[in-house]
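Printed here is coords_14.cif (mmCIF, C-alpha atoms (C1' of nucleotides)):
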data_start
#
loop_
_atom_site.label_atom_id
_atom_site.label_comp_id
_atom_site.auth_asym_id
_atom_site.auth_seq_id
_atom_site.Cartn_x
_atom_site.Cartn_y
_atom_site.Cartn_z
CA MET L 1 8.41 20.97 51.07
CA SER L 2 5.38 18.98 50.12
CA HIS L 3 4.83 21.43 47.34
CA LEU L 4 8.39 21.18 46.09
CA GLY L 5 8.55 17.43 46.39
CA TYR L 6 5.23 17.09 44.61
CA ALA L 7 6.26 19.35 41.79
CA ARG L 8 9.57 17.60 41.35
CA LEU L 9 7.99 14.18 41.31
CA MET L 10 5.51 15.23 38.67
CA ALA L 11 8.25 16.79 36.60
CA VAL L 12 10.30 13.60 36.60
CA ASP L 13 7.33 11.45 35.65
CA ARG L 14 6.26 13.87 33.01
CA ASP L 15 9.65 13.81 31.41
CA HIS L 16 9.78 10.03 31.44
CA VAL L 17 6.35 9.84 29.85
CA LEU L 18 7.32 12.34 27.20
CA ARG L 19 10.44 10.47 26.24
CA THR L 20 8.79 7.08 25.99
CA ALA L 21 5.94 8.65 24.05
CA ALA L 22 8.45 10.22 21.70
CA ALA L 23 10.19 6.89 21.18
CA LEU L 24 6.89 5.14 20.48
CA LEU L 25 5.38 7.80 18.23
CA THR L 26 8.60 7.95 16.26
CA ARG L 27 7.98 4.36 15.23
CA ARG L 28 4.19 4.40 14.97
CA SER L 29 2.86 7.92 14.66
CA THR L 30 -0.74 6.74 15.12
CA ALA L 31 -0.17 4.97 18.42
CA THR L 32 -3.14 5.08 20.78
CA MET L 33 -3.21 6.95 24.07
CA ASP L 34 -3.57 3.51 25.62
CA GLU L 35 -0.40 2.32 23.92
CA VAL L 36 1.44 5.44 24.95
CA ALA L 37 0.36 4.86 28.54
CA LYS L 38 1.40 1.21 28.47
CA ALA L 39 4.75 2.13 26.93
CA ALA L 40 5.33 4.59 29.74
CA GLY L 41 4.27 2.02 32.32
CA ILE L 42 1.36 4.07 33.58
CA SER L 43 -2.40 3.84 33.23
CA ARG L 44 -4.42 5.75 30.72
CA ALA L 45 -6.06 7.64 33.57
CA THR L 46 -2.73 8.91 34.84
CA LEU L 47 -1.66 9.81 31.34
CA HIS L 48 -4.80 11.87 31.00
CA ARG L 49 -4.10 13.54 34.34
CA GLN L 50 -0.73 14.73 33.07
CA PHE L 51 -1.79 15.61 29.53
CA ALA L 52 -5.33 16.81 28.99
CA GLY L 53 -5.55 14.86 25.74
CA ARG L 54 -3.74 13.71 22.69
CA ASP L 55 -3.38 17.24 21.39
CA ALA L 56 -1.81 18.34 24.65
CA LEU L 57 0.60 15.41 24.50
CA VAL L 58 1.66 16.24 20.95
CA ARG L 59 2.04 19.90 21.83
CA ALA L 60 4.19 18.92 24.81
CA LEU L 61 6.28 16.76 22.52
CA GLU L 62 6.63 19.70 20.22
CA SER L 63 7.84 21.84 23.10
CA LEU L 64 10.30 19.12 24.02
CA GLY L 65 11.54 18.95 20.45
CA ILE L 66 11.92 22.70 20.29
CA SER L 67 13.87 22.90 23.53
CA GLU L 68 16.10 19.98 22.57
CA CYS L 69 16.73 21.63 19.23
CA GLU L 70 17.64 24.91 20.84
CA ALA L 71 19.86 23.12 23.32
CA ALA L 72 21.62 21.38 20.45
CA LEU L 73 21.95 24.68 18.62
CA GLY L 74 23.56 26.14 21.69
CA ARG L 75 26.01 23.28 22.19
CA ALA L 76 26.96 23.36 18.52
CA ARG L 77 28.22 26.95 18.85
CA LEU L 78 27.11 27.85 15.33
CA ASP L 79 28.98 31.17 15.34
CA GLU L 80 32.40 29.71 15.99
CA GLY L 81 34.93 28.47 13.48
CA PRO L 82 34.26 27.34 9.93
CA ALA L 83 30.60 27.01 9.03
CA ALA L 84 31.16 23.48 7.78
CA GLU L 85 32.47 22.42 11.17
CA ALA L 86 29.52 24.11 12.82
CA VAL L 87 27.18 22.07 10.61
CA ARG L 88 28.97 18.87 11.63
CA ARG L 89 28.68 19.82 15.29
CA LEU L 90 25.02 20.61 14.83
CA VAL L 91 24.23 17.26 13.25
CA ARG L 92 26.15 15.47 15.98
CA GLU L 93 24.41 17.34 18.76
CA ILE L 94 20.96 16.94 17.25
CA GLU L 95 21.28 13.23 16.55
CA PRO L 96 19.68 12.03 19.82
CA SER L 97 16.60 14.11 19.00
CA ALA L 98 16.41 13.13 15.35
CA GLY L 99 13.65 10.57 15.86
CA LEU L 100 11.45 13.03 17.69
CA LEU L 101 12.22 15.65 15.09
CA ALA L 102 11.25 13.28 12.29
CA PHE L 103 7.91 12.62 13.98
CA LEU L 104 7.22 16.31 14.44
CA TYR L 105 8.44 17.08 10.94
CA SER L 106 5.97 14.73 9.30
CA GLU L 107 3.28 15.69 11.80
CA ASN L 108 3.60 19.38 11.07
CA GLN L 109 2.78 18.80 7.43
CA LEU L 110 -0.73 18.60 8.86
CA PHE L 111 -1.13 21.25 11.53
CA GLU L 112 -0.97 24.34 9.40
CA GLY L 113 0.08 27.58 10.98
CA GLU L 114 -1.22 28.20 14.52
CA GLU L 115 0.52 26.21 17.27
CA GLN L 116 3.88 27.28 18.54
CA ASN L 117 5.28 28.42 15.27
CA ALA L 118 7.38 30.96 17.10
CA GLY L 119 9.71 28.30 18.45
CA TRP L 120 10.31 26.69 15.08
CA GLU L 121 10.82 30.04 13.45
CA ARG L 122 13.51 30.90 15.95
CA ILE L 123 15.26 27.61 15.18
CA ASP L 124 14.81 28.11 11.46
CA ALA L 125 16.33 31.54 11.76
CA ARG L 126 19.42 30.28 13.57
CA VAL L 127 20.03 27.42 11.14
CA THR L 128 19.41 29.63 8.15
CA ALA L 129 21.82 32.18 9.59
CA LEU L 130 24.47 29.49 9.82
CA PHE L 131 24.15 28.64 6.14
CA ARG L 132 24.14 32.30 5.25
CA ARG L 133 27.33 32.77 7.25
CA GLY L 134 28.89 29.92 5.31
CA GLN L 135 27.94 31.57 2.06
CA ASP L 136 29.26 34.96 3.15
CA SER L 137 32.56 33.43 4.19
CA GLY L 138 32.88 31.72 0.84
CA GLU L 139 32.67 28.21 2.27
CA PHE L 140 29.25 27.38 0.86
CA ARG L 141 27.99 27.75 -2.66
CA ILE L 142 25.56 30.58 -3.21
CA ASP L 143 23.30 28.96 -5.79
CA LEU L 144 21.48 26.99 -3.09
CA SER L 145 19.41 29.26 -0.85
CA PRO L 146 19.90 29.11 2.92
CA ALA L 147 16.20 28.37 3.26
CA TRP L 148 16.53 25.32 1.06
CA LEU L 149 19.67 24.14 2.84
CA THR L 150 17.74 24.38 6.09
CA GLU L 151 14.85 22.36 4.75
CA ALA L 152 17.24 19.86 3.25
CA LEU L 153 18.88 19.42 6.62
CA TYR L 154 15.51 18.62 8.19
CA GLY L 155 14.68 16.20 5.40
CA LEU L 156 18.01 14.43 5.73
CA LEU L 157 17.64 14.21 9.50
CA ALA L 158 14.23 12.58 9.08
CA ALA L 159 15.45 10.27 6.34
CA GLY L 160 18.41 9.30 8.48
CA ALA L 161 16.30 8.65 11.56
CA TRP L 162 13.86 6.48 9.61
CA SER L 163 16.65 4.63 7.85
CA VAL L 164 18.19 3.77 11.18
CA LEU L 165 14.82 2.63 12.52
CA ASP L 166 14.33 0.44 9.46
CA GLY L 167 17.79 -0.98 9.87
CA LYS L 168 18.81 0.27 6.45
CA VAL L 169 21.82 2.09 7.81
CA ALA L 170 23.89 1.71 10.97
CA ARG L 171 23.18 4.06 13.82
CA ASN L 172 26.87 4.82 14.16
CA ASP L 173 26.98 6.21 10.63
CA PHE L 174 24.10 8.60 11.21
CA THR L 175 26.06 11.78 11.87
CA PHE L 176 28.73 11.12 9.28
CA MET L 177 26.30 10.29 6.50
CA ILE L 178 24.06 13.27 7.00
CA ALA L 179 26.79 15.83 7.46
CA GLU L 180 28.89 14.49 4.60
CA LEU L 181 26.02 14.33 2.16
CA LEU L 182 24.72 17.74 3.11
CA LEU L 183 28.14 19.36 2.89
CA GLY L 184 29.91 17.44 0.17
CA GLY L 185 27.23 15.65 -1.83
CA ALA L 186 27.61 12.39 -3.67
CA LEU L 187 30.20 13.48 -6.20
CA ARG L 188 33.83 12.67 -5.67
CA ARG L 189 36.02 15.68 -5.19
CA GLU L 190 39.04 15.85 -7.40
CA GLU L 191 41.42 17.33 -4.87
CA SER L 192 41.29 16.82 -1.11
CA MET F 1 -19.10 -1.75 -26.86
CA SER F 2 -21.08 -1.06 -23.76
CA HIS F 3 -18.54 -3.11 -21.88
CA LEU F 4 -15.64 -1.23 -23.37
CA GLY F 5 -17.21 2.15 -22.94
CA TYR F 6 -18.08 1.34 -19.36
CA ALA F 7 -14.58 0.20 -18.55
CA ARG F 8 -13.02 3.21 -20.18
CA LEU F 9 -15.33 5.63 -18.41
CA MET F 10 -14.56 4.08 -15.04
CA ALA F 11 -10.87 4.15 -15.75
CA VAL F 12 -10.94 7.84 -16.55
CA ASP F 13 -12.97 8.70 -13.47
CA ARG F 14 -10.81 6.49 -11.33
CA ASP F 15 -7.68 8.20 -12.53
CA HIS F 16 -9.16 11.64 -11.90
CA VAL F 17 -10.21 10.65 -8.40
CA LEU F 18 -6.79 9.21 -7.67
CA ARG F 19 -4.99 12.34 -8.79
CA THR F 20 -7.16 14.75 -6.82
CA ALA F 21 -6.90 12.45 -3.80
CA ALA F 22 -3.13 12.46 -4.15
CA ALA F 23 -3.07 16.24 -4.33
CA LEU F 24 -5.27 16.55 -1.25
CA LEU F 25 -3.57 13.90 0.86
CA THR F 26 -0.20 15.41 0.03
CA ARG F 27 -1.31 18.51 1.88
CA ARG F 28 -3.40 16.93 4.63
CA SER F 29 -2.57 13.28 5.08
CA THR F 30 -5.53 12.78 7.43
CA ALA F 31 -8.16 14.11 5.05
CA THR F 32 -11.54 12.41 5.37
CA MET F 33 -13.11 10.19 2.72
CA ASP F 34 -15.77 12.88 2.56
CA GLU F 35 -13.16 15.54 1.83
CA VAL F 36 -11.52 13.33 -0.77
CA ALA F 37 -14.89 12.84 -2.45
CA LYS F 38 -15.67 16.56 -2.41
CA ALA F 39 -12.23 17.36 -3.80
CA ALA F 40 -12.84 14.95 -6.64
CA GLY F 41 -16.30 16.43 -7.25
CA ILE F 42 -18.13 13.19 -6.53
CA SER F 43 -20.23 11.92 -3.65
CA ARG F 44 -18.91 9.75 -0.88
CA ALA F 45 -21.11 6.92 -2.13
CA THR F 46 -19.50 6.95 -5.55
CA LEU F 47 -16.07 7.14 -3.99
CA HIS F 48 -16.90 4.03 -1.99
CA ARG F 49 -18.13 2.31 -5.14
CA GLN F 50 -14.76 2.84 -6.77
CA PHE F 51 -12.59 2.15 -3.72
CA ALA F 52 -13.87 -0.31 -1.15
CA GLY F 53 -12.53 1.87 1.66
CA ARG F 54 -9.78 4.13 2.79
CA ASP F 55 -7.26 1.32 2.78
CA ALA F 56 -8.13 0.47 -0.77
CA LEU F 57 -7.73 4.11 -1.76
CA VAL F 58 -4.33 4.38 -0.13
CA ARG F 59 -3.24 1.10 -1.69
CA ALA F 60 -4.39 2.40 -5.07
CA LEU F 61 -2.40 5.56 -4.48
CA GLU F 62 0.57 3.42 -3.62
CA SER F 63 0.17 1.54 -6.87
CA LEU F 64 -0.05 4.83 -8.70
CA GLY F 65 3.08 6.07 -6.99
CA ILE F 66 4.94 2.89 -7.83
CA SER F 67 3.96 2.96 -11.48
CA GLU F 68 4.78 6.66 -11.79
CA CYS F 69 8.13 6.01 -10.18
CA GLU F 70 8.90 3.17 -12.51
CA ALA F 71 7.82 5.24 -15.46
CA ALA F 72 10.15 8.02 -14.32
CA LEU F 73 12.95 5.50 -13.84
CA GLY F 74 12.41 4.32 -17.38
CA ARG F 75 12.36 7.80 -18.90
CA ALA F 76 15.49 8.75 -16.97
CA ARG F 77 17.51 5.97 -18.71
CA LEU F 78 19.61 5.33 -15.61
CA ASP F 79 22.09 3.13 -17.48
CA GLU F 80 23.10 5.71 -20.03
CA GLY F 81 25.84 8.30 -19.77
CA PRO F 82 27.42 9.64 -16.60
CA ALA F 83 25.69 8.61 -13.39
CA ALA F 84 25.45 12.23 -12.27
CA GLU F 85 23.49 13.11 -15.39
CA ALA F 86 21.26 10.10 -14.82
CA VAL F 87 20.54 11.36 -11.31
CA ARG F 88 19.61 14.77 -12.69
CA ARG F 89 17.31 13.17 -15.25
CA LEU F 90 15.74 11.04 -12.54
CA VAL F 91 14.99 14.01 -10.30
CA ARG F 92 13.55 15.92 -13.23
CA GLU F 93 11.34 13.05 -14.34
CA ILE F 94 10.14 12.26 -10.83
CA GLU F 95 9.30 15.83 -9.91
CA PRO F 96 5.61 15.69 -10.89
CA SER F 97 5.17 12.71 -8.57
CA ALA F 98 7.16 14.15 -5.69
CA GLY F 99 4.10 15.22 -3.70
CA LEU F 100 2.53 11.80 -3.92
CA LEU F 101 5.86 10.22 -3.08
CA ALA F 102 6.22 12.42 -0.02
CA PHE F 103 2.79 11.35 1.21
CA LEU F 104 3.55 7.67 0.69
CA TYR F 105 7.02 8.08 2.17
CA SER F 106 5.72 9.45 5.45
CA GLU F 107 2.77 7.07 5.38
CA ASN F 108 4.98 4.01 5.03
CA GLN F 109 6.73 4.84 8.26
CA LEU F 110 3.55 3.36 9.71
CA PHE F 111 2.54 0.35 7.63
CA GLU F 112 5.39 -1.97 8.44
CA GLY F 113 6.21 -4.71 6.00
CA GLU F 114 3.23 -6.41 4.31
CA GLU F 115 1.56 -4.39 1.53
CA GLN F 116 3.15 -4.20 -1.88
CA ASN F 117 6.73 -4.08 -0.76
CA ALA F 118 7.75 -5.81 -3.93
CA GLY F 119 7.17 -2.71 -6.01
CA TRP F 120 9.17 -0.46 -3.75
CA GLU F 121 11.97 -2.96 -3.53
CA ARG F 122 12.23 -3.04 -7.30
CA ILE F 123 12.47 0.74 -7.36
CA ASP F 124 14.95 0.77 -4.51
CA ALA F 125 17.07 -1.74 -6.36
CA ARG F 126 17.16 0.33 -9.55
CA VAL F 127 18.04 3.56 -7.73
CA THR F 128 20.62 1.84 -5.58
CA ALA F 129 22.13 0.30 -8.69
CA LEU F 130 22.47 3.76 -10.20
CA PHE F 131 24.45 5.01 -7.22
CA ARG F 132 26.55 1.88 -7.25
CA ARG F 133 27.29 2.42 -10.90
CA GLY F 134 28.41 5.94 -10.12
CA GLN F 135 30.73 4.62 -7.45
CA ASP F 136 32.17 1.95 -9.72
CA SER F 137 32.81 4.47 -12.45
CA GLY F 138 34.62 6.73 -10.00
CA GLU F 139 32.08 9.54 -10.23
CA PHE F 140 30.63 9.15 -6.74
CA ARG F 141 32.47 8.89 -3.47
CA ILE F 142 32.51 5.45 -1.91
CA ASP F 143 32.25 6.44 1.74
CA LEU F 144 28.49 7.00 1.44
CA SER F 145 26.66 3.74 0.85
CA PRO F 146 24.29 3.42 -2.12
CA ALA F 147 21.50 2.51 0.31
CA TRP F 148 21.98 5.77 2.18
CA LEU F 149 22.18 7.80 -1.02
CA THR F 150 18.88 6.23 -2.05
CA GLU F 151 17.23 7.08 1.24
CA ALA F 152 18.70 10.57 1.10
CA LEU F 153 17.18 11.04 -2.34
CA TYR F 154 13.76 10.12 -0.98
CA GLY F 155 14.19 12.43 1.97
CA LEU F 156 15.24 15.32 -0.23
CA LEU F 157 12.34 14.71 -2.60
CA ALA F 158 9.91 14.84 0.32
CA ALA F 159 11.58 17.91 1.81
CA GLY F 160 11.49 19.60 -1.56
CA ALA F 161 7.85 18.77 -2.17
CA TRP F 162 6.81 20.07 1.23
CA SER F 163 8.96 23.16 0.91
CA VAL F 164 7.25 24.00 -2.36
CA LEU F 165 3.84 23.42 -0.78
CA ASP F 166 4.76 25.70 2.10
CA GLY F 167 5.99 28.32 -0.32
CA LYS F 168 9.46 28.20 1.18
CA VAL F 169 11.09 27.55 -2.17
CA ALA F 170 10.02 28.19 -5.75
CA ARG F 171 8.59 25.29 -7.69
CA ASN F 172 10.89 26.06 -10.60
CA ASP F 173 13.93 25.48 -8.42
CA PHE F 174 12.77 22.05 -7.28
CA THR F 175 14.80 19.89 -9.63
CA PHE F 176 17.91 22.03 -9.49
CA MET F 177 18.02 22.26 -5.73
CA ILE F 178 17.53 18.59 -5.06
CA ALA F 179 19.92 17.35 -7.72
CA GLU F 180 22.59 19.89 -6.89
CA LEU F 181 22.48 19.29 -3.16
CA LEU F 182 22.42 15.53 -3.55
CA LEU F 183 25.28 15.53 -6.03
CA GLY F 184 27.43 18.44 -4.98
CA GLY F 185 26.49 19.30 -1.42
CA ALA F 186 26.64 22.71 0.17
CA LEU F 187 30.38 23.23 0.00
CA ARG F 188 31.88 25.32 -2.72
CA ARG F 189 34.07 23.42 -5.10
CA GLU F 190 37.49 24.89 -5.68
CA GLU F 191 37.79 24.10 -9.37
CA SER F 192 35.04 24.04 -11.98
"C1'" DT T 1 -1.44 3.69 63.13
"C1'" DC T 2 -4.00 6.90 60.60
"C1'" DT T 3 -4.69 9.96 56.83
"C1'" DG T 4 -4.22 12.13 52.43
"C1'" DC T 5 -3.07 11.57 47.80
"C1'" DA T 6 -1.73 9.71 43.52
"C1'" DT T 7 -2.49 5.83 41.10
"C1'" DG T 8 -4.66 1.75 38.44
"C1'" DA T 9 -8.54 -0.41 36.78
"C1'" DG T 10 -12.50 -0.16 34.69
"C1'" DA T 11 -17.15 1.48 33.54
"C1'" DC T 12 -19.46 4.49 30.96
"C1'" DA T 13 -20.69 8.44 27.47
"C1'" DT T 14 -19.29 10.71 23.32
"C1'" DC T 15 -17.48 11.83 19.05
"C1'" DC T 16 -16.02 10.99 14.50
"C1'" DA T 17 -14.79 8.44 10.51
"C1'" DT T 18 -16.16 4.62 8.24
"C1'" DG T 19 -19.02 1.40 5.83
"C1'" DT T 20 -23.69 0.00 4.19
"C1'" DC T 21 -28.06 0.78 2.61
"C1'" DT T 22 -32.13 2.98 0.36
"C1'" DC T 23 -34.29 6.03 -2.74
"C1'" DA T 24 -35.05 9.58 -6.11
"C1'" DC T 25 -32.91 11.69 -10.07
"C1'" DT T 26 -30.92 12.02 -14.72
"C1'" DT T 27 -28.79 10.43 -18.41
"C1'" DG T 28 -27.66 7.71 -22.38
"C1'" DG T 29 -28.92 3.85 -25.34
"C1'" DG T 30 -32.39 0.81 -27.33
"C1'" DC I 1 -40.57 6.87 -25.41
"C1'" DC I 2 -38.81 3.72 -22.05
"C1'" DC I 3 -35.58 1.51 -19.40
"C1'" DA I 4 -31.32 0.38 -17.25
"C1'" DA I 5 -27.39 1.99 -14.95
"C1'" DG I 6 -24.72 5.28 -12.45
"C1'" DT I 7 -25.03 8.88 -9.38
"C1'" DG I 8 -26.00 12.07 -5.31
"C1'" DA I 9 -28.04 12.72 -1.04
"C1'" DG I 10 -28.84 11.15 3.15
"C1'" DA I 11 -30.20 7.89 6.87
"C1'" DC I 12 -28.35 4.38 9.69
"C1'" DA I 13 -25.34 1.17 12.13
"C1'" DT I 14 -20.63 0.22 13.58
"C1'" DG I 15 -16.13 0.55 15.61
"C1'" DG I 16 -12.39 2.71 17.62
"C1'" DA I 17 -10.35 6.27 20.11
"C1'" DT I 18 -11.14 9.72 23.30
"C1'" DG I 19 -12.55 11.98 27.49
"C1'" DT I 20 -14.76 11.69 32.11
"C1'" DC I 21 -16.02 9.52 36.05
"C1'" DT I 22 -15.94 6.46 40.19
"C1'" DC I 23 -13.85 3.47 43.38
"C1'" DA I 24 -10.53 0.51 45.56
"C1'" DT I 25 -5.64 0.08 46.40
"C1'" DG I 26 -1.10 1.26 47.87
"C1'" DC I 27 2.04 4.24 49.85
"C1'" DA I 28 4.35 7.92 52.16
"C1'" DG I 29 4.29 11.17 55.76
"C1'" DA I 30 2.38 12.90 60.20
#

Kindly present the structure from the file in structure tokens form.
Amino acid sequence: MSHLGYARLMAVDRDHVLRTAAALLTRRSTATMDEVAKAAGISRATLHRQFAGRDALVRALESLGISECEAALGRARLDEGPAAEAVRRLVREIEPSAGLLAFLYSENQLFEGEEQNAGWERIDARVTALFRRGQDSGEFRIDLSPAWLTEALYGLLAAGAWSVLDGKVARNDFTFMIAELLLGGALRREES
Amino acid sequence: MSHLGYARLMAVDRDHVLRTAAALLTRRSTATMDEVAKAAGISRATLHRQFAGRDALVRALESLGISECEAALGRARLDEGPAAEAVRRLVREIEPSAGLLAFLYSENQLFEGEEQNAGWERIDARVTALFRRGQDSGEFRIDLSPAWLTEALYGLLAAGAWSVLDGKVARNDFTFMIAELLLGGALRREES
DNA sequence: TCTGCATGAGACATCCATGTCTCACTTGGG
DNA sequence: CCCAAGTGAGACATGGATGTCTCATGCAGA
């Protein structure tokens, strides 16, 4: 039992640290290990005991982002119903992770290749498949590649997360704005 | 003449350094002053003679980005013709600066306030006014705020620039993809 | 109560980017 | 030809973040 209790305690703490670190690094991506520790309410020593170093922390955050993304992908049920509705569900489900995603998105413009590319590629594949399904069903236009629609979704998620952080847009509008712009664009539609 | 020649020479070198630095920092935003110097083909000492430090370099890049943006805004003639066409012109004119803009965009998620906010606010105001004009003329939908459309444009420009760098989309498609997604979205339009 | 264990606090040592300085070179103008 | 100015190369000091270590404290379980 001591083993189980120990492991569970560590897991809980680790998760709490990861989430506060994500919240902090979303706002200031250069935050110090000391700041991360303070934000989590623990000492730098303990932080180092849980994560070997800054790299390990960022990699753990990346794992967290990947698993949250995949969880959101699962909840969104991308294969069911109209592709447009699936996109709306996806944006709604991924909203709580958007800040973390934005951090990782801008961070990964640096770490080329290596790392846990496999996870992101799996996610990319699922999102891209969704857009391709929408094209095949005739819902989506075919002159914008699924790859670009996927990247655009990431860019809009990051822009939305940062806009909310800056107070430029209301948090409640996040899902609506992103999904509507991605799907319908800025132009008015004649019919509807 | 020695004064003039000196000033002109420095200006040319300075511009060359700025542009190579922009190209490098677009790819690796944490590049060292030493790497920046090597990329520009000068020594670190000379780099320091032209830019007091890294901050000064980044601030100079910010000034460059602001002036390139304003130049693009001017060439795009945002007040003329349909707003949608003005948006397309803007994206086309701003494309060469998109990489630099992406760097500054992600960088500014860190430097809160201070700096030369005035320049960005002027640009924001002009872009926002364009979207507002499109709404007033009935071209653009009114359920997406001009502020969000502006932020979305920035996000899409960054996503596009990075996608091109990563080889995920072709450079030739840059303008088309961004303008089309921003204006029309992913959904197929019934008529047209 | 006693004991083990994680923690917090802090003292180092280390690394790396930065910033400053010197000195020799070469280059262009007088 | 000579000199002044810019440059490149490199040494050097500095600061900040990181990583490692020790030690005292607090706490939970035996």

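Taking atom CA of L:Glu80 and atom CA of F:Lys168 as endpoints, the distance between them is 27.3 Å.
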
What residues in chain L have any atom no more than 12 Å from chain I when counting only C-alpha atoms (C1' of nucleotides), and can you write them as an MDAnalysis selection string? chainID L and resid 1:2 5:6 30:35 44:45 47:49 51:55

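Across the model, the gap from atom CA of L:Ala23 to atom CA of L:Leu100 is 7.2 Å.
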
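Residues from chain T that have an atom within 9 Å of chain L, counting all atoms listed in the file, are DA6, DT7, DG8 and DA9 of chain T.
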
Within 10 Å of L:Ser67 using all atoms listed in the file, minus same-chain residues under 6 positions, as an NGL selection string: :L and (61 or 73 or 119-120 or 123)

Nearest to chain L: which of F:Asp166, F:Glu68, F:Asp173, F:Glu139 is it, counting all atoms listed in the file? F:Glu139

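With atom CA of L:Gly138 on one side and atom CA of L:Leu182 on the other, the separation reads 16.3 Å.
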
Interface list for chain L, partner chain F, 7 Å threshold, all atoms listed in the file, as a PyMOL selection string: chain L and resi 28-29+106+109-110+139-141+144+148+151-152+155-156+159+169+177+181-188

Could stretch 142-156 of chain F be written out with N, CA and C atoms, as a CSV table (one decimal), in the first residue's frame, please?
chain,number,residue,atom,x,y,z
F,142,ILE,N,-21.5,40.4,-39.5
F,142,ILE,CA,-21.3,41.3,-38.4
F,142,ILE,C,-21.2,40.5,-37.0
F,143,ASP,N,-21.3,39.2,-37.1
F,143,ASP,CA,-21.2,38.4,-35.8
F,143,ASP,C,-19.8,38.0,-35.5
F,144,LEU,N,-18.8,38.5,-36.3
F,144,LEU,CA,-17.4,38.3,-35.9
F,144,LEU,C,-16.8,39.7,-35.8
F,145,SER,N,-16.3,40.1,-34.6
F,145,SER,CA,-15.9,41.4,-34.4
F,145,SER,C,-14.7,41.8,-35.2
F,146,PRO,N,-14.6,43.0,-35.6
F,146,PRO,CA,-13.4,43.5,-36.3
F,146,PRO,C,-12.1,43.2,-35.6
F,147,ALA,N,-12.1,43.3,-34.3
F,147,ALA,CA,-10.9,43.0,-33.5
F,147,ALA,C,-10.5,41.5,-33.6
F,148,TRP,N,-11.5,40.7,-33.6
F,148,TRP,CA,-11.2,39.2,-33.8
F,148,TRP,C,-10.7,39.0,-35.2
F,149,LEU,N,-11.3,39.6,-36.2
F,149,LEU,CA,-10.9,39.3,-37.6
F,149,LEU,C,-9.4,39.8,-37.7
F,150,THR,N,-9.1,40.9,-37.1
F,150,THR,CA,-7.7,41.4,-37.1
F,150,THR,C,-6.7,40.4,-36.5
F,151,GLU,N,-7.1,39.9,-35.3
F,151,GLU,CA,-6.2,38.9,-34.6
F,151,GLU,C,-6.1,37.6,-35.5
F,152,ALA,N,-7.3,37.2,-36.0
F,152,ALA,CA,-7.3,36.0,-36.9
F,152,ALA,C,-6.4,36.2,-38.1
F,153,LEU,N,-6.3,37.4,-38.6
F,153,LEU,CA,-5.4,37.6,-39.8
F,153,LEU,C,-4.0,37.4,-39.3
F,154,TYR,N,-3.6,38.0,-38.2
F,154,TYR,CA,-2.3,37.8,-37.7
F,154,TYR,C,-2.0,36.3,-37.5
F,155,GLY,N,-2.9,35.6,-36.8
F,155,GLY,CA,-2.7,34.2,-36.6
F,155,GLY,C,-2.5,33.4,-37.9
F,156,LEU,N,-3.3,33.7,-38.9
F,156,LEU,CA,-3.2,33.0,-40.1
F,156,LEU,C,-1.9,33.4,-40.8
